[in-house]
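Below is one structure, written out as structure tokens; comments come after it.
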Protein chains: 2
Amino acid sequence: MEKKPYHHGDLRNKLIERGIEMLSEEGAQDFSLRKLAAKCGVSHTAPYSHFESVDKLRQAMGEHVAHQFMEKLRGSVQHAEDSTAAVTSLGKAYISFFSENPLYFQFLFYHSGLSIDFDEKTQSDYQPFTFFKETAYRMFDALGLPKEDYLNNLIALWSMVHGIASLLTNKGVRYSGDWSEVLSNNTIFARRKEF
Amino acid sequence: MEKKPYHHGDLRNKLIERGIEMLSEEGAQDFSLRKLAAKCGVSHTAPYSHFESVDKLRQAMGEHVAHQFMEKLRGSVQHAEDSTAAVTSLGKAYISFFSENPLYFQFLFYHSGLSIDFDEKTQSDYQPFTFFKETAYRMFDALGLPKEDYLNNLIALWSMVHGIASLLTNKGVRYSGDWSEVLSNNTIFARRKEF
DNA sequence: ACTACAATCTTTACATCGTCAAGATTGGTA
DNA sequence: TACCAATCTTGACGATGTAAAGATTGTAGT
């Protein structure tokens, strides 16, 4: 859409895109403003014309990644037969997104300034969590769950999916099995009367 | 046990302890070797006599925190009536540990060099995961689960607990409810036939 | 008791980092 | 055409992790 806002090129967008590239290659740890500026062929302070600090840049990069994430989540429920199937494929999409880009997890949840508010009734932002919530609540409706259990079950579901993503993207954790089946194949929660 | 290994004091241990203090106060982001050295009253390169790099220091700090973590987990199952109660209070201890020290989560799982191997049959180290596994398997025995479901259910349980800890320690996530009840009060996993 | 040695700590130096201030470049606009 | 404001560069600052060289000092060997 908006291109070449100025004479030296599309720096703002290039910073975001090459920044995310850099992230995928080197990790959030080794990311640096100066290296990124060099990779974009500009001086080390040029980014300050577009972002007031490196944190604001990270935030913009985070929003970009969050957008990709959302696209994946949205696409995953496109052809779901019912609301339960929608939640299932949503969870799998959540997990496979980070499985494909392990470095995005750390970045998205710890460096992007993203926020999730479980208390807020109306989540205004175009955010992954809102979408997850709506999809889950539709399933809860279909299952006829008591309304007062909605929030707790939403968080339980989200925690499980998020926990799987957190573990599979952790370099210190090794598991040769299929992470996306953890959600499907567990039987223990159905067995126990109370934890 | 081993104290004052040399003439200027117990620097190695002091670095670890004050380092963890610093962490609790300022967060893993603002941690710095030089500030820590200053806080210990030594020059900024003195730590290099005990740790070859800042990452090795973090690793040692991680092991120290992991030890505290283990103490908490061990204590939590001390008076459990049966194996199911043990798993429940273990999960709650896991969650409340990070609830009390939110900054430890990031540190322990991303900066300490800790490793968890779900594939390994015999986990040799004195590690939280091994303990969690043994406790969970004891419950699976009591419940008469099929052996081939053990690993998958272990990971499902761990993911849920870990996911809750991950969310509650995330500064971008707000939830005024009680995180430690998420594990207990969910009903959705018991309801669904298959995800 | 004296001498070496090795562990510990200090000083100095360097490259890299994020950021700030001042000035140069340049496209659009009046 | 002249100005302006957005964009980019140059140079500098303090903070960071770390390498190299030298000083200090407890301990071991004679």
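Residues in the structure tokens are named by chain (A, B, ... in the order shown) and by number from 1 within that chain; ligands are numbered from 1 in the order shown.
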
Subject >> Distance query Asp178 in chain A at most 10 Å, only C-alpha atoms (C1' of nucleotides), self and fewer than 3 positions along chain excluded, as a list in words >> reply: Leu168, Tyr175, Glu181 and Val182 of chain A; Asn152 of chain B

**OP:** Residues of chain D no more than 7 Å from chain A, counting only C-alpha atoms (C1' of nucleotides): send them over as a PyMOL selection string.
**Re:** chain D and resi 7-9

**OP:** Could you jot down the CA of Ile188 in chain A to CA of Ala156 in chain B separation for me, Å, one decimal place?
**Re:** 8.3 Å

Original post:
If we count only C-alpha atoms (C1' of nucleotides), what is near Thr135 in chain B at a cut-off of 9 Å, once residues fewer than 2 positions away on the same chain are taken out, given as a VMD selection string?
Top reply: chain B and resid 77 83 to 84 86 to 87 90 130 to 133 137 to 140

Could those selected residues go to a file with N, CA and C atoms, as a PDB file, in the first residue's frame?
ATOM      1  N   VAL B  77       4.728 -31.803  48.371  1.00  0.00           N
ATOM      2  CA  VAL B  77       4.129 -33.140  48.328  1.00  0.00           C
ATOM      3  C   VAL B  77       4.330 -33.900  49.637  1.00  0.00           C
ATOM      4  N   SER B  83      -1.436 -40.037  45.650  1.00  0.00           N
ATOM      5  CA  SER B  83      -0.640 -39.578  44.519  1.00  0.00           C
ATOM      6  C   SER B  83      -1.349 -38.492  43.711  1.00  0.00           C
ATOM      7  N   THR B  84      -2.672 -38.530  43.714  1.00  0.00           N
ATOM      8  CA  THR B  84      -3.410 -37.492  42.994  1.00  0.00           C
ATOM      9  C   THR B  84      -3.291 -36.154  43.717  1.00  0.00           C
ATOM     10  N   ALA B  86      -0.875 -35.351  45.522  1.00  0.00           N
ATOM     11  CA  ALA B  86       0.513 -34.928  45.357  1.00  0.00           C
ATOM     12  C   ALA B  86       0.684 -34.117  44.080  1.00  0.00           C
ATOM     13  N   VAL B  87       0.103 -34.612  43.003  1.00  0.00           N
ATOM     14  CA  VAL B  87       0.207 -33.903  41.728  1.00  0.00           C
ATOM     15  C   VAL B  87      -0.478 -32.541  41.820  1.00  0.00           C
ATOM     16  N   LEU B  90       1.629 -30.237  43.867  1.00  0.00           N
ATOM     17  CA  LEU B  90       2.851 -29.961  43.127  1.00  0.00           C
ATOM     18  C   LEU B  90       2.596 -28.869  42.087  1.00  0.00           C
ATOM     19  N   THR B 130      12.367 -33.869  36.606  1.00  0.00           N
ATOM     20  CA  THR B 130      12.422 -35.273  37.021  1.00  0.00           C
ATOM     21  C   THR B 130      11.447 -35.546  38.159  1.00  0.00           C
ATOM     22  N   PHE B 131      11.421 -34.599  39.094  1.00  0.00           N
ATOM     23  CA  PHE B 131      10.544 -34.765  40.247  1.00  0.00           C
ATOM     24  C   PHE B 131       9.078 -34.719  39.829  1.00  0.00           C
ATOM     25  N   PHE B 132       8.769 -33.769  38.987  1.00  0.00           N
ATOM     26  CA  PHE B 132       7.412 -33.640  38.464  1.00  0.00           C
ATOM     27  C   PHE B 132       7.000 -34.944  37.772  1.00  0.00           C
ATOM     28  N   LYS B 133       7.908 -35.459  36.984  1.00  0.00           N
ATOM     29  CA  LYS B 133       7.636 -36.686  36.230  1.00  0.00           C
ATOM     30  C   LYS B 133       7.352 -37.872  37.155  1.00  0.00           C
ATOM     31  N   TYR B 137       3.855 -39.825  37.334  1.00  0.00           N
ATOM     32  CA  TYR B 137       3.788 -41.250  36.975  1.00  0.00           C
ATOM     33  C   TYR B 137       3.204 -42.085  38.111  1.00  0.00           C
ATOM     34  N   ARG B 138       3.476 -41.669  39.335  1.00  0.00           N
ATOM     35  CA  ARG B 138       2.920 -42.390  40.476  1.00  0.00           C
ATOM     36  C   ARG B 138       1.386 -42.284  40.448  1.00  0.00           C
ATOM     37  N   MET B 139       0.912 -41.107  40.081  1.00  0.00           N
ATOM     38  CA  MET B 139      -0.531 -40.917  39.959  1.00  0.00           C
ATOM     39  C   MET B 139      -1.089 -41.746  38.814  1.00  0.00           C
ATOM     40  N   PHE B 140      -0.388 -41.759  37.695  1.00  0.00           N
ATOM     41  CA  PHE B 140      -0.859 -42.532  36.540  1.00  0.00           C
ATOM     42  C   PHE B 140      -0.964 -44.011  36.893  1.00  0.00           C
TER      43      PHE B 140
END

Original post:
So which residues touch Phe31 in chain B within 12 Å, counting only C-alpha atoms (C1' of nucleotides), skipping near sequence neighbours fewer than 6 positions away, as a VMD selection string?
Top reply: (chain B and resid 18 to 25 37 39 54 to 55 57 to 58 103 107 111) or (chain D and resid 16)

Original post:
Mind listing as a list in words which residues of chain C are within 10 Å of chain B, counting only C-alpha atoms (C1' of nucleotides)?
Top reply: DA7, DT8, DC9, DT10 and DT11 of chain C

Determine, using only C-alpha atoms, which residues of chain B have any atom at most 7 Å from an atom of chain A, and tabulate each with its shortest atom pair and distance in Å to one decimal place, rows ordered by chain and then rising number, as CSV.
residue,atom,partner,partner_atom,distance
B:Thr88,CA,A:Phe195,CA,5.3
B:Gly113,CA,A:Gly172,CA,6.7
B:Leu114,CA,A:Gly172,CA,6.0
B:Ser115,CA,A:Gly172,CA,4.2
B:Ile116,CA,A:Val173,CA,4.7
B:Asp117,CA,A:Arg174,CA,4.8
B:Phe118,CA,A:Tyr175,CA,5.1
B:Asp119,CA,A:Tyr175,CA,5.7
B:Asn152,CA,A:Val182,CA,6.0
B:Asn153,CA,A:Asn186,CA,5.1
B:Ile155,CA,A:Val182,CA,6.9
B:Ala156,CA,A:Val182,CA,5.8
B:Ser159,CA,A:Gly163,CA,4.5
B:Met160,CA,A:Met160,CA,4.1
B:His162,CA,A:Gly163,CA,5.4
B:Gly163,CA,A:Gly163,CA,3.4
B:Ile164,CA,A:Ser159,CA,5.2
B:Gly172,CA,A:Ser115,CA,4.2
B:Val173,CA,A:Ile116,CA,4.7
B:Arg174,CA,A:Asp117,CA,4.8
B:Tyr175,CA,A:Phe118,CA,5.1
B:Ser176,CA,A:Asp119,CA,6.7
B:Val182,CA,A:Ala156,CA,5.8
B:Leu183,CA,A:Ala156,CA,6.8
B:Ser184,CA,A:Phe195,CA,4.8
B:Asn185,CA,A:Asn152,CA,6.9
B:Asn186,CA,A:Asn153,CA,5.1
B:Thr187,CA,A:Asn153,CA,6.6
B:Ile188,CA,A:Asn153,CA,6.0
B:Phe189,CA,A:Phe189,CA,5.4
B:Ala190,CA,A:Ala190,CA,3.7
B:Glu194,CA,A:Ser184,CA,6.6
B:Phe195,CA,A:Ser184,CA,4.8

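One finds CA of Ser53 in chain A at 8.2 Å from C1' of DG18 in chain C.
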
Subject >> Neighbour list for DT16 in chain C as a ChimeraX atom specification, cut-off 12 Å, only C-alpha atoms (C1' of nucleotides), skip fewer than 5 positions in-chain >> reply: /A:30,32-35 /D:15-18

Output N, CA and C atoms (P, O5', C5', C4', C3', O3' and C1' of nucleotides) of each residue in that selection to a file, as a PDB file, in the first residue's frame.
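Result went into result-v7.pdb, see below:
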ATOM      1  N   ASP A  30      20.715 -11.523  20.080  1.00  0.00           N
ATOM      2  CA  ASP A  30      21.785 -10.866  19.342  1.00  0.00           C
ATOM      3  C   ASP A  30      21.297  -9.732  18.456  1.00  0.00           C
ATOM      4  N   SER A  32      20.436  -6.194  17.201  1.00  0.00           N
ATOM      5  CA  SER A  32      20.939  -4.872  17.548  1.00  0.00           C
ATOM      6  C   SER A  32      20.532  -3.844  16.493  1.00  0.00           C
ATOM      7  N   LEU A  33      20.235  -2.646  16.977  1.00  0.00           N
ATOM      8  CA  LEU A  33      19.799  -1.565  16.119  1.00  0.00           C
ATOM      9  C   LEU A  33      20.856  -1.237  15.077  1.00  0.00           C
ATOM     10  N   ARG A  34      22.085  -1.181  15.520  1.00  0.00           N
ATOM     11  CA  ARG A  34      23.174  -0.775  14.632  1.00  0.00           C
ATOM     12  C   ARG A  34      23.418  -1.792  13.526  1.00  0.00           C
ATOM     13  N   LYS A  35      23.383  -3.061  13.881  1.00  0.00           N
ATOM     14  CA  LYS A  35      23.565  -4.090  12.854  1.00  0.00           C
ATOM     15  C   LYS A  35      22.419  -4.022  11.836  1.00  0.00           C
TER      16      LYS A  35
ATOM     17  P    DA D  15      27.699   5.799  32.913  1.00  0.00           P
ATOM     18  O5'  DA D  15      27.329   4.373  32.310  1.00  0.00           O
ATOM     19  C5'  DA D  15      26.000   4.121  31.873  1.00  0.00           C
ATOM     20  C4'  DA D  15      25.949   2.765  31.196  1.00  0.00           C
ATOM     21  C3'  DA D  15      26.688   1.653  31.962  1.00  0.00           C
ATOM     22  O3'  DA D  15      25.800   0.568  32.211  1.00  0.00           O
ATOM     23  C1'  DA D  15      27.398   1.737  29.680  1.00  0.00           C
ATOM     24  P    DT D  16      26.277  -0.696  33.051  1.00  0.00           P
ATOM     25  O5'  DT D  16      26.730  -1.720  31.925  1.00  0.00           O
ATOM     26  C5'  DT D  16      25.751  -2.249  31.018  1.00  0.00           C
ATOM     27  C4'  DT D  16      26.449  -3.014  29.918  1.00  0.00           C
ATOM     28  C3'  DT D  16      27.380  -4.102  30.429  1.00  0.00           C
ATOM     29  O3'  DT D  16      26.702  -5.340  30.440  1.00  0.00           O
ATOM     30  C1'  DT D  16      28.316  -2.904  28.584  1.00  0.00           C
ATOM     31  P    DG D  17      27.401  -6.496  31.305  1.00  0.00           P
ATOM     32  O5'  DG D  17      28.353  -7.209  30.242  1.00  0.00           O
ATOM     33  C5'  DG D  17      27.776  -7.862  29.117  1.00  0.00           C
ATOM     34  C4'  DG D  17      28.866  -8.410  28.219  1.00  0.00           C
ATOM     35  C3'  DG D  17      29.798  -9.424  28.892  1.00  0.00           C
ATOM     36  O3'  DG D  17      30.114 -10.467  27.971  1.00  0.00           O
ATOM     37  C1'  DG D  17      31.060  -7.572  28.129  1.00  0.00           C
ATOM     38  P    DT D  18      30.979 -11.715  28.467  1.00  0.00           P
ATOM     39  O5'  DT D  18      32.463 -11.258  28.112  1.00  0.00           O
ATOM     40  C5'  DT D  18      32.813 -11.090  26.740  1.00  0.00           C
ATOM     41  C4'  DT D  18      34.229 -10.588  26.628  1.00  0.00           C
ATOM     42  C3'  DT D  18      35.288 -11.423  27.375  1.00  0.00           C
ATOM     43  O3'  DT D  18      36.386 -11.600  26.504  1.00  0.00           O
ATOM     44  C1'  DT D  18      35.583  -9.166  27.826  1.00  0.00           C
TER      45       DT D  18
END

**OP:** For DC4 in chain D, please output as a PyMOL selection string all residues within 10 Å (counting only C-alpha atoms (C1' of nucleotides); exclusion window: fewer than 4 positions along the same chain).
**Re:** chain C and resi 28-30

Those residues you just picked out, can you put them in a file as a PDB file, in the first residue's frame with C-alpha atoms (C1' of nucleotides)?
ATOM      1  C1'  DG C  28       7.245  18.985  -1.612  1.00  0.00           C
ATOM      2  C1'  DT C  29       4.943  23.347  -1.132  1.00  0.00           C
ATOM      3  C1'  DA C  30       3.937  28.280  -0.934  1.00  0.00           C
TER       4       DA C  30
END
